[in-house]
Amino acid sequence: MNQPEKKILDEVATLRAELDDANYRYYVLDEPRMTDADYDRRLRRLQELEEAYPKLVRPDSPTQRVGAAPAEGFPKVAHAVPMLSLNNAFAEAELKAFVKRLGDRLERDGDELAFCCEPKLDGAAVSLVYERGQLTSGVTRGDGRTGEGITSNLKTLKSIPQKLRGKEWPERLEVRGEVTMRHAEFEAMNDKAREEGGKVFANPRNAAAGSLRQLDPRITATRPLEFTAYQLVQEMASLANIDTPTHSEQMSLLREWGFRVNPEFKVVKGACGVIDYCRDLGERRDALGYDIDGAVIKVDNLRLQRELGFVARAPRWAIAYKYPAQEKQTTLKDVKWQVGRTGALTPVAKLEPVEVGGVTVSNATLHNMGEILRLGLRIGDVVNVYRAGDVIPKVVRKVSPSRDISRNLQRRGTSLRRQGPSLRRSRPALRRWLKHGSRKPPVIAGLMRITSPSRCPVCHSQIERLKGVAVARCSGGLYCSAQRREALKHFASRRAMDIDGLGEKLIDQLVELDWVKTPADLFRLKAEDLATLPRMAQKSSDNLVAALEKAKQTTLPRFIFALGIREVGEATAANLARHFGTLDALMEAEVADLEAVEDVGPVVASHVYTFFRQPHNRETIEELRSLGLTWKEEVVGDRPQPLAGQTWVLTGTLESMTRDEGKERLQALGAKVAGSVSKKTAAVVAGPGAGSKLAKAEQMGVPVLDEQGFLERLEAWESGKEAAQ
Ligand code: IVH
């Protein structure tokens, strides 16, 4: 076998150090430095070298995160120190009582005690053991005493260091934490699974636990899992080596050693501090981007923790303050089919109203017919509904079918009638009841089947179902008032043409009255006509006409986005505008030209091509132009993109421009603009009134610019005088 030269050894060592460092910066510090392309290039080079010199392969090399599948299931592993649970508090009074109890027990004023408060992450708990700095074992919580050894699966998580950073760690270290999945990644994973017929998970917790219990680590490696450390296990034997006096200091130490800790952790004083933290976190719960089921309050001082000790299976020094559950049970009363902007039919579950995560839910999405079949749903079923963040509530599983549906039938007699012939045919008893509605409803074993309509529920056009595609579509196009309505709402929306004062309700009215059929009709509306509509006064009508006039001055990316071409979102619209420079060039582009645009594949290219080949679309565009719609054409050709690959966040108000203008200027320079600060954020622009996003950026060490600094940079980049760092 080839003997590696010193040069090769050095290169391998450098690559490993660089890759480990890149992972740490990305997954732990939330401060990525290396681009994905650079990361991949280094990883590939390291793989090549390790293939050429197999002797150099080491188990902790960044190439070795994905190992082979074990022959059998997972071994049972006993925890050296049991993994305990926490006592719960459901009301602020219980938090007060907790603080007082601890104060009494420690014979001091509870309100002088320092508490470390953290989100209670809703995922799967695991314990990691490091020996001489190397990850040797990773175990699930199991029953708290014994768990399952899932080391090879945990090694695939980039947020779990295989080798500790720094030096001052003890011989043996045990670190505990939660494996979770962020909402956005969970949704994307489920969407993909729905399309490809893979495993769909009910919620991020199930997805995390299920992904960790895969026998093949190659599958775990594809799942967007994240480990967050929340506890350094104090064993008497290793205590001597870790002499931090507080839990919060231990969290900082864990971060230095290479672990991600939750950026929301905070040390507060007394009951007031604890309650304020729980309230604040509860208010921001929906915006965090991951599931939490509460806040964990821990006495910060470790000596006091030891003094307080444990009762039964929970520590005296900690408590979990629980927030309302994000998954709740209710009854599926009916299914209605909604027609979207592109004609897609979405089944919407009509539910017995239920409070989920603090919000009353009576509608939930069922995605498509495939999902209804997958869940095995029938009307009358008892189902679980999950709601997280801003994501649309979902029916995630059937709990049990309720055998007696008479109660349900009584409640929803009218929509039953509309269910039509298939139902009546299959339910003679029901048919009799429907006909003679006054009699007692029949008790029928089994529940009502849900069928997808063969005609559009709005315009009665034929429904198209393509083979192998789960989505059914109304073929009515703009003939269908539902599609028209949605297309107009999209056209007028803030991120598209931004027509102030043209809300959804008004669009509904305008479509209903047939005053508006195409976007061009909007610009023909007259204030005196509008003023005759209910809830429209002369002033609001004048304002709307002025807003329409103002909206005529737009930008090419906005206009392309506003057209509502299938699968052309804001980013694709911006890419198309940049690539083609003019609308005419885009309208004439062939499929191959379209595929040459960044992030445009064959499917999107074909949607764009088809859209511009429809005579009615070309007519509408011509009419809009003749009504005075204009934009500055983009400069043809590739303009410099100094911010390509960077994600920026704008927060607070800006004086010299609107946030949308700032966003457009950043996008024109190649940046992506996101709504929340994350590990990928390159910089945050904070104007007056900036709140939690600014705080988060500061906490994470993300660079922050004020408006003046932002303007200076923008101008330098736009004039090409400065390249981004
Ligand atoms: S501390 C001895 N901190 O909550 C106490 N637990 O009921 C050790 N959990 O299954 C737990 N986030 O997985 C702690 N920041 C956090 C947590 C947390 C979530 C989970 C943990 C355990 C359960 C305890």
# chains A, B, ... in the order shown; residues from 1 in each chain; ligands from 1

$ residues_around --residues "A:Asp122" --least-positions-apart "2" --cutoff "10 Å" --atoms "only C-alpha atoms" --output "PyMOL selection string"
chain A and resi 119-120+124-125+178-181+203-206+208+290-294

$ write_last_selection --atoms "C-alpha atoms" --output "PDB file, in the first residue's frame"
ATOM      1  CA  PRO A 119     -36.679  26.358  26.976  1.00  0.00           C
ATOM      2  CA  LYS A 120     -37.911  22.834  27.562  1.00  0.00           C
ATOM      3  CA  ALA A 124     -35.824  13.024  22.233  1.00  0.00           C
ATOM      4  CA  ALA A 125     -33.484  13.055  25.225  1.00  0.00           C
ATOM      5  CA  GLU A 178     -32.305  16.916  23.445  1.00  0.00           C
ATOM      6  CA  VAL A 179     -32.351  15.913  19.794  1.00  0.00           C
ATOM      7  CA  THR A 180     -34.878  18.059  17.926  1.00  0.00           C
ATOM      8  CA  MET A 181     -35.956  19.103  14.467  1.00  0.00           C
ATOM      9  CA  ASN A 203     -44.693  16.089  14.810  1.00  0.00           C
ATOM     10  CA  PRO A 204     -41.001  17.007  15.202  1.00  0.00           C
ATOM     11  CA  ARG A 205     -40.697  15.008  18.420  1.00  0.00           C
ATOM     12  CA  ASN A 206     -41.845  11.797  16.752  1.00  0.00           C
ATOM     13  CA  ALA A 208     -36.596  13.027  16.053  1.00  0.00           C
ATOM     14  CA  TYR A 290     -38.855  24.691  16.991  1.00  0.00           C
ATOM     15  CA  ASP A 291     -41.138  22.996  19.471  1.00  0.00           C
ATOM     16  CA  ILE A 292     -40.883  23.635  23.163  1.00  0.00           C
ATOM     17  CA  ASP A 293     -43.370  22.328  25.675  1.00  0.00           C
ATOM     18  CA  GLY A 294     -42.346  24.585  28.495  1.00  0.00           C
TER      19      GLY A 294
END

$ residues_around --residues "A:Leu643" --least-positions-apart "6" --cutoff "6 Å" --atoms "only C-alpha atoms" --output "list in words"
Leu669, Gly670 and Ala671 of chain A

$ write_last_selection --atoms "all heavy atoms" --output "short mmCIF file (atom, residue, chain, number, x, y, z; two decimals), in the first residue's frame"
data_model
loop_
_atom_site.label_atom_id
_atom_site.label_comp_id
_atom_site.auth_asym_id
_atom_site.auth_seq_id
_atom_site.Cartn_x
_atom_site.Cartn_y
_atom_site.Cartn_z
N LEU A 669 -28.40 42.28 -4.82
CA LEU A 669 -26.97 42.04 -4.64
C LEU A 669 -26.69 40.55 -4.41
O LEU A 669 -25.57 40.16 -4.13
CB LEU A 669 -26.44 42.86 -3.47
CG LEU A 669 -26.45 44.38 -3.68
CD1 LEU A 669 -26.37 45.12 -2.36
CD2 LEU A 669 -25.30 44.79 -4.59
N GLY A 670 -27.75 39.76 -4.48
CA GLY A 670 -27.58 38.31 -4.39
C GLY A 670 -27.92 37.72 -3.03
O GLY A 670 -27.89 36.51 -2.85
N ALA A 671 -28.25 38.58 -2.05
CA ALA A 671 -28.52 38.06 -0.71
C ALA A 671 -29.92 37.46 -0.64
O ALA A 671 -30.80 37.84 -1.42
CB ALA A 671 -28.39 39.17 0.32
#

$ residues_around --residues "A:Asp529" --least-positions-apart "2" --cutoff "12 Å" --atoms "only C-alpha atoms" --output "PyMOL selection string"
chain A and resi 510+513+515+524-527+531-534+536-538+540-542+544-545

$ write_last_selection --atoms "N, CA, C and O atoms" --output "short mmCIF file (atom, residue, chain, number, x, y, z; two decimals), in the first residue's frame"
data_model
loop_
_atom_site.label_atom_id
_atom_site.label_comp_id
_atom_site.auth_asym_id
_atom_site.auth_seq_id
_atom_site.Cartn_x
_atom_site.Cartn_y
_atom_site.Cartn_z
N LEU A 510 -65.43 42.10 -5.07
CA LEU A 510 -65.23 42.52 -6.46
C LEU A 510 -65.39 41.34 -7.42
O LEU A 510 -65.90 41.49 -8.52
N LEU A 513 -69.16 40.34 -7.57
CA LEU A 513 -69.95 41.26 -8.39
C LEU A 513 -69.54 41.21 -9.86
O LEU A 513 -70.12 41.90 -10.69
N TRP A 515 -67.00 42.57 -11.06
CA TRP A 515 -66.39 43.83 -11.46
C TRP A 515 -64.95 43.60 -11.91
O TRP A 515 -64.40 44.35 -12.70
N ARG A 524 -58.95 49.60 -13.58
CA ARG A 524 -60.05 50.33 -14.22
C ARG A 524 -61.12 50.72 -13.20
O ARG A 524 -62.12 51.32 -13.56
N LEU A 525 -60.93 50.30 -11.97
CA LEU A 525 -61.94 50.61 -10.95
C LEU A 525 -62.04 52.11 -10.72
O LEU A 525 -61.03 52.82 -10.76
N LYS A 526 -63.26 52.56 -10.50
CA LYS A 526 -63.46 54.00 -10.28
C LYS A 526 -63.89 54.24 -8.84
O LYS A 526 -64.70 53.47 -8.29
N ALA A 527 -63.38 55.33 -8.28
CA ALA A 527 -63.66 55.62 -6.87
C ALA A 527 -65.16 55.73 -6.62
O ALA A 527 -65.67 55.23 -5.62
N ALA A 531 -67.19 53.41 -3.96
CA ALA A 531 -67.84 54.02 -2.79
C ALA A 531 -69.24 53.49 -2.56
O ALA A 531 -69.80 53.62 -1.46
N THR A 532 -69.83 52.83 -3.55
CA THR A 532 -71.18 52.30 -3.36
C THR A 532 -71.16 50.94 -2.66
O THR A 532 -72.21 50.41 -2.30
N LEU A 533 -69.98 50.36 -2.52
CA LEU A 533 -69.91 49.04 -1.89
C LEU A 533 -70.10 49.16 -0.38
O LEU A 533 -69.72 50.16 0.22
N PRO A 534 -70.67 48.10 0.23
CA PRO A 534 -70.83 48.15 1.67
C PRO A 534 -69.44 48.28 2.34
O PRO A 534 -68.46 47.71 1.84
N MET A 536 -67.47 50.64 2.28
CA MET A 536 -66.50 51.48 1.58
C MET A 536 -67.02 52.91 1.55
O MET A 536 -68.08 53.17 0.96
N ALA A 537 -66.30 53.83 2.14
CA ALA A 537 -66.71 55.24 2.11
C ALA A 537 -65.96 55.91 0.97
O ALA A 537 -65.10 55.30 0.34
N GLN A 538 -66.31 57.18 0.70
CA GLN A 538 -65.65 57.90 -0.38
C GLN A 538 -64.14 57.95 -0.16
O GLN A 538 -63.34 57.70 -1.06
N SER A 540 -62.10 55.94 1.63
CA SER A 540 -61.35 54.70 1.42
C SER A 540 -61.32 54.34 -0.06
O SER A 540 -60.35 53.75 -0.54
N SER A 541 -62.37 54.71 -0.81
CA SER A 541 -62.37 54.44 -2.24
C SER A 541 -61.31 55.29 -2.94
O SER A 541 -60.57 54.79 -3.78
N ASP A 542 -61.24 56.56 -2.55
CA ASP A 542 -60.20 57.43 -3.13
C ASP A 542 -58.81 56.89 -2.82
O ASP A 542 -57.93 56.86 -3.67
N LEU A 544 -57.95 53.86 -2.21
CA LEU A 544 -57.65 52.65 -2.96
C LEU A 544 -57.24 52.99 -4.40
O LEU A 544 -56.28 52.44 -4.93
N VAL A 545 -57.95 53.92 -5.00
CA VAL A 545 -57.61 54.30 -6.37
C VAL A 545 -56.20 54.92 -6.40
O VAL A 545 -55.39 54.62 -7.29
#

$ residues_near_ligand --ligand "ligand 1" --cutoff "7 Å" --atoms "only C-alpha atoms and all ligand atoms" --output "list in words"
Met83, Leu84, Ser85, Leu86, Asn87, Glu118, Pro119, Lys120, Leu121, Asp122, Ala124, Ala125, Gly177, Glu178, Tyr230, Gln231, Val296, Ala314, Pro315 and Ala318 of chain A

$ write_last_selection --atoms "C-alpha atoms" --output "tab-separated table (two decimals), in the first residue's frame"
chain	number	residue	atom	x	y	z
A	83	MET	CA	-31.88	10.26	33.61
A	84	LEU	CA	-34.54	11.81	35.80
A	85	SER	CA	-37.72	13.61	35.00
A	86	LEU	CA	-38.86	17.02	36.16
A	87	ASN	CA	-41.77	18.09	38.31
A	118	GLU	CA	-34.14	27.53	29.53
A	119	PRO	CA	-36.68	26.36	26.98
A	120	LYS	CA	-37.91	22.83	27.56
A	121	LEU	CA	-37.11	21.38	24.17
A	122	ASP	CA	-39.64	18.92	22.85
A	124	ALA	CA	-35.82	13.02	22.23
A	125	ALA	CA	-33.48	13.05	25.23
A	177	GLY	CA	-29.47	17.07	25.89
A	178	GLU	CA	-32.31	16.92	23.44
A	230	TYR	CA	-28.69	21.06	28.60
A	231	GLN	CA	-26.84	19.21	31.31
A	296	VAL	CA	-37.11	24.58	32.66
A	314	ALA	CA	-37.08	14.35	40.06
A	315	PRO	CA	-34.62	16.96	41.32
A	318	ALA	CA	-35.62	22.27	39.09

$ closest_residue --among "A:Glu664, A:Glu718, A:Asp191, A:Glu327" --to "A:Ala496" --atoms "only C-alpha atoms"
A:Glu664

$ select_by_dssp --residues "stretch 220-365 of chain A" --states "strand (DSSP E)" --output "number ranges by chain"
A: 226-232, 266-269, 292-299, 310-311, 314-315, 318-322, 327-339, 345-356, 359-365

$ residues_around --residues "A:Ala349" --least-positions-apart "5" --cutoff "9 Å" --atoms "only C-alpha atoms" --output "list of chain:residue names"
A:Leu332, A:Lys333, A:Asp334, A:Val335, A:Lys336, A:Trp337, A:Ser362, A:Asn363, A:Ala364, A:Thr365, A:Leu366, A:Lys394, A:Val395

$ write_last_selection --atoms "N, CA and C atoms" --output "compact mmCIF listing (two decimals), in the first residue's frame"
# COMPACT_ATOMS: atom_id res chain seq x y z
N LEU A 332 -63.40 14.99 13.81
CA LEU A 332 -63.45 15.44 12.42
C LEU A 332 -64.92 15.50 12.02
N LYS A 333 -65.43 16.73 11.83
CA LYS A 333 -66.86 16.87 11.56
C LYS A 333 -67.18 16.79 10.08
N ASP A 334 -66.25 17.25 9.26
CA ASP A 334 -66.53 17.29 7.83
C ASP A 334 -65.23 17.57 7.08
N VAL A 335 -65.27 17.38 5.78
CA VAL A 335 -64.13 17.75 4.94
C VAL A 335 -64.65 18.62 3.81
N LYS A 336 -64.05 19.78 3.65
CA LYS A 336 -64.43 20.69 2.56
C LYS A 336 -63.26 20.79 1.61
N TRP A 337 -63.55 20.96 0.34
CA TRP A 337 -62.45 21.05 -0.63
C TRP A 337 -62.26 22.50 -1.04
N SER A 362 -60.35 25.33 14.34
CA SER A 362 -61.53 24.61 13.86
C SER A 362 -61.35 24.13 12.42
N ASN A 363 -60.26 24.55 11.78
CA ASN A 363 -59.93 24.06 10.44
C ASN A 363 -58.50 23.55 10.47
N ALA A 364 -58.24 22.50 9.70
CA ALA A 364 -56.86 22.03 9.59
C ALA A 364 -56.66 21.46 8.20
N THR A 365 -55.43 21.53 7.71
CA THR A 365 -55.21 21.02 6.36
C THR A 365 -55.05 19.50 6.37
N LEU A 366 -55.49 18.92 5.28
CA LEU A 366 -55.30 17.47 5.10
C LEU A 366 -54.46 17.23 3.84
N LYS A 394 -52.57 20.89 11.42
CA LYS A 394 -52.68 19.68 10.60
C LYS A 394 -53.37 18.58 11.38
N VAL A 395 -54.13 17.77 10.67
CA VAL A 395 -54.63 16.54 11.28
C VAL A 395 -53.48 15.56 11.14

$ closest_residue --among "A:Val126, A:Ala320, A:Ala202, A:Ile150" --to "A:Phe227" --atoms "only C-alpha atoms"
A:Val126

$ closest_atom_pairs --of "stretch 87-129 of chain A" --to "stretch 265-272 of chain A" --cutoff "8 Å" --atoms "only C-alpha atoms" --output "Markdown table"
| residue | atom | partner | partner_atom | distance |
| --- | --- | --- | --- | --- |
| A:Leu95 | CA | A:Ala271 | CA | 6.8 |
| A:Lys96 | CA | A:Ala271 | CA | 5.4 |
| A:Val99 | CA | A:Ala271 | CA | 5.9 |
| A:Gly110 | CA | A:Gly270 | CA | 5.9 |
| A:Asp111 | CA | A:Gly270 | CA | 3.6 |
| A:Glu112 | CA | A:Gly270 | CA | 5.6 |
| A:Leu113 | CA | A:Gly270 | CA | 5.4 |
| A:Ala114 | CA | A:Lys269 | CA | 4.6 |
| A:Phe115 | CA | A:Val268 | CA | 5.3 |
| A:Cys116 | CA | A:Val267 | CA | 4.3 |
| A:Cys117 | CA | A:Lys266 | CA | 5.3 |
| A:Glu118 | CA | A:Phe265 | CA | 4.4 |
| A:Pro119 | CA | A:Phe265 | CA | 7.1 |

$ closest_residue --among "A:Asp584, A:Glu598, A:Glu549, A:Glu196" --to "A:Leu629" --atoms "only C-alpha atoms"
A:Glu549

$ residues_around --residues "stretch 371-374 of chain A" --least-positions-apart "2" --cutoff "9 Å" --atoms "only C-alpha atoms" --output "compact mmCIF listing (two decimals) with N, CA, C and O atoms, in the first residue's frame"
# COMPACT_ATOMS: atom_id res chain seq x y z
N ARG A 194 -44.19 12.85 1.62
CA ARG A 194 -45.54 12.73 1.05
C ARG A 194 -45.46 12.54 -0.44
O ARG A 194 -46.19 11.75 -1.02
N PRO A 347 -58.07 19.35 0.64
CA PRO A 347 -59.12 19.03 1.60
C PRO A 347 -58.85 19.74 2.92
O PRO A 347 -57.72 19.73 3.42
N LEU A 366 -55.49 18.92 5.28
CA LEU A 366 -55.30 17.47 5.10
C LEU A 366 -54.46 17.23 3.84
O LEU A 366 -54.39 16.10 3.36
N HIS A 367 -53.85 18.28 3.32
CA HIS A 367 -52.93 18.20 2.17
C HIS A 367 -53.58 17.73 0.87
O HIS A 367 -53.73 18.47 -0.07
N ASN A 368 -53.91 16.44 0.82
CA ASN A 368 -54.50 15.89 -0.42
C ASN A 368 -55.17 14.55 -0.10
O ASN A 368 -55.12 14.08 1.03
N MET A 369 -55.77 13.96 -1.12
CA MET A 369 -56.50 12.71 -0.90
C MET A 369 -55.58 11.61 -0.37
O MET A 369 -55.99 10.79 0.46
N GLY A 376 -56.21 7.10 6.99
CA GLY A 376 -57.39 6.23 7.12
C GLY A 376 -58.57 6.97 7.72
O GLY A 376 -59.31 6.42 8.54
N LEU A 377 -58.77 8.22 7.31
CA LEU A 377 -59.80 9.04 7.96
C LEU A 377 -61.19 8.83 7.42
O LEU A 377 -61.38 8.61 6.21
N ARG A 378 -62.12 8.93 8.31
CA ARG A 378 -63.53 9.01 7.94
C ARG A 378 -64.16 10.11 8.77
O ARG A 378 -63.67 10.42 9.86
N ILE A 450 -64.66 9.58 2.98
CA ILE A 450 -64.40 10.90 2.41
C ILE A 450 -64.01 10.67 0.95
O ILE A 450 -63.13 9.87 0.65
N ALA A 470 -50.33 13.45 -6.46
CA ALA A 470 -51.35 13.38 -5.42
C ALA A 470 -52.37 14.50 -5.54
O ALA A 470 -53.50 14.36 -5.12

$ residues_around --residues "stretch 564-581 of chain A" --least-positions-apart "3" --cutoff "9 Å" --atoms "only C-alpha atoms" --output "ChimeraX atom specification"
/A:341-342,487,490-491,495-496,556-561,584-586,589,594,596-600,603-604,607-608,611,633-639,664,667-668,672

$ residues_around --residues "A:Ser626" --least-positions-apart "6" --cutoff "12 Å" --atoms "only C-alpha atoms" --output "PyMOL selection string"
chain A and resi 520+523-524+552+619-620

$ select_by_dssp --residues "stretch 143-244 of chain A" --states "alpha helix (DSSP H)" --output "ChimeraX atom specification"
/A:151-154,183-196,204-212,217-222,236-239

$ write_last_selection --atoms "N, CA and C atoms" --output "CSV table (one decimal), in the first residue's frame"
chain,number,residue,atom,x,y,z
A,151,THR,N,-25.2,4.9,19.4
A,151,THR,CA,-24.0,5.7,19.1
A,151,THR,C,-23.8,6.0,17.6
A,152,SER,N,-23.9,5.0,16.7
A,152,SER,CA,-23.6,5.3,15.3
A,152,SER,C,-24.6,6.2,14.7
A,153,ASN,N,-25.8,6.2,15.2
A,153,ASN,CA,-26.8,7.2,14.7
A,153,ASN,C,-26.5,8.6,15.2
A,154,LEU,N,-26.1,8.7,16.4
A,154,LEU,CA,-25.8,10.0,17.0
A,154,LEU,C,-24.6,10.6,16.3
A,183,HIS,N,-39.0,23.4,12.8
A,183,HIS,CA,-40.3,23.3,12.0
A,183,HIS,C,-40.0,23.3,10.5
A,184,ALA,N,-39.2,24.3,10.0
A,184,ALA,CA,-39.1,24.4,8.6
A,184,ALA,C,-38.5,23.1,8.0
A,185,GLU,N,-37.5,22.5,8.7
A,185,GLU,CA,-36.9,21.3,8.2
A,185,GLU,C,-37.8,20.1,8.3
A,186,PHE,N,-38.6,20.1,9.4
A,186,PHE,CA,-39.6,19.0,9.6
A,186,PHE,C,-40.6,19.1,8.5
A,187,GLU,N,-41.1,20.3,8.2
A,187,GLU,CA,-42.1,20.4,7.1
A,187,GLU,C,-41.6,19.9,5.8
A,188,ALA,N,-40.4,20.4,5.5
A,188,ALA,CA,-39.8,20.1,4.2
A,188,ALA,C,-39.6,18.6,4.1
A,189,MET,N,-39.2,18.0,5.2
A,189,MET,CA,-38.9,16.5,5.2
A,189,MET,C,-40.2,15.8,4.9
A,190,ASN,N,-41.3,16.2,5.7
A,190,ASN,CA,-42.6,15.5,5.5
A,190,ASN,C,-43.2,15.7,4.1
A,191,ASP,N,-43.0,17.0,3.6
A,191,ASP,CA,-43.5,17.2,2.2
A,191,ASP,C,-42.9,16.3,1.2
A,192,LYS,N,-41.6,16.1,1.4
A,192,LYS,CA,-40.8,15.3,0.5
A,192,LYS,C,-41.3,13.8,0.6
A,193,ALA,N,-41.5,13.4,1.9
A,193,ALA,CA,-41.9,12.0,2.1
A,193,ALA,C,-43.3,11.8,1.5
A,194,ARG,N,-44.2,12.9,1.6
A,194,ARG,CA,-45.5,12.7,1.1
A,194,ARG,C,-45.5,12.5,-0.4
A,195,GLU,N,-44.5,13.3,-1.1
A,195,GLU,CA,-44.4,13.2,-2.5
A,195,GLU,C,-43.8,11.8,-2.9
A,196,GLU,N,-42.9,11.4,-2.1
A,196,GLU,CA,-42.2,10.2,-2.6
A,196,GLU,C,-42.7,8.9,-1.9
A,204,PRO,N,-42.5,17.1,15.2
A,204,PRO,CA,-41.0,17.0,15.2
A,204,PRO,C,-40.5,16.0,16.3
A,205,ARG,N,-41.2,15.9,17.4
A,205,ARG,CA,-40.7,15.0,18.4
A,205,ARG,C,-40.7,13.6,17.9
A,206,ASN,N,-41.8,13.2,17.3
A,206,ASN,CA,-41.8,11.8,16.8
A,206,ASN,C,-40.8,11.6,15.7
A,207,ALA,N,-40.6,12.7,14.9
A,207,ALA,CA,-39.6,12.6,13.8
A,207,ALA,C,-38.2,12.4,14.4
A,208,ALA,N,-37.9,13.1,15.5
A,208,ALA,CA,-36.6,13.0,16.1
A,208,ALA,C,-36.4,11.6,16.6
A,209,ALA,N,-37.4,11.2,17.4
A,209,ALA,CA,-37.3,9.9,18.1
A,209,ALA,C,-37.2,8.8,17.0
A,210,GLY,N,-38.0,8.9,16.0
A,210,GLY,CA,-38.1,7.8,15.0
A,210,GLY,C,-36.8,7.8,14.2
A,211,SER,N,-36.2,9.0,13.9
A,211,SER,CA,-35.0,9.0,13.1
A,211,SER,C,-33.8,8.5,13.9
A,212,LEU,N,-33.9,8.6,15.2
A,212,LEU,CA,-32.7,8.1,16.0
A,212,LEU,C,-32.8,6.6,16.2
A,217,PRO,N,-27.7,3.9,10.0
A,217,PRO,CA,-27.3,5.3,10.3
A,217,PRO,C,-27.4,6.1,9.0
A,218,ARG,N,-27.3,5.5,7.9
A,218,ARG,CA,-27.3,6.3,6.6
A,218,ARG,C,-28.7,7.0,6.5
A,219,ILE,N,-29.7,6.4,7.1
A,219,ILE,CA,-31.0,7.1,7.0
A,219,ILE,C,-31.1,8.2,8.0
A,220,THR,N,-30.6,7.9,9.3
A,220,THR,CA,-30.5,9.0,10.3
A,220,THR,C,-29.7,10.2,9.7
A,221,ALA,N,-28.7,9.9,9.0
A,221,ALA,CA,-27.8,11.0,8.5
A,221,ALA,C,-28.6,12.0,7.5
A,222,THR,N,-29.6,11.5,6.9
A,222,THR,CA,-30.4,12.3,6.0
A,222,THR,C,-31.4,13.2,6.7
A,236,MET,N,-19.6,12.0,41.1
A,236,MET,CA,-18.6,12.3,42.1
A,236,MET,C,-17.2,12.1,41.7
A,237,ALA,N,-16.9,11.1,40.9
A,237,ALA,CA,-15.6,10.7,40.4
A,237,ALA,C,-15.0,11.9,39.6
A,238,SER,N,-15.8,12.5,38.7
A,238,SER,CA,-15.3,13.4,37.8
A,238,SER,C,-15.4,14.9,38.3
A,239,LEU,N,-16.1,15.0,39.4
A,239,LEU,CA,-16.4,16.3,39.9
A,239,LEU,C,-15.1,17.2,40.1

$ closest_residue --among "A:Gly357, A:Gly103, A:Gly289, A:Gly652" --to "A:Val677" --atoms "only C-alpha atoms"
A:Gly289

$ closest_residue --among "A:Ala547, A:Glu486, A:Met448, A:Arg455" --to "A:Gly501" --atoms "only C-alpha atoms"
A:Ala547

$ closest_residue --among "A:Thr653, A:Ser676, A:Thr647, A:Thr518" --to "A:Gln483" --atoms "only C-alpha atoms"
A:Thr518

$ atom_distance --atom1 "atom CA of A:Val354" --atom2 "atom CA of A:Ala287"
21.3 Å

$ atom_distance --atom1 "atom CA of A:Asp216" --atom2 "atom CA of A:Val12"
27.6 Å
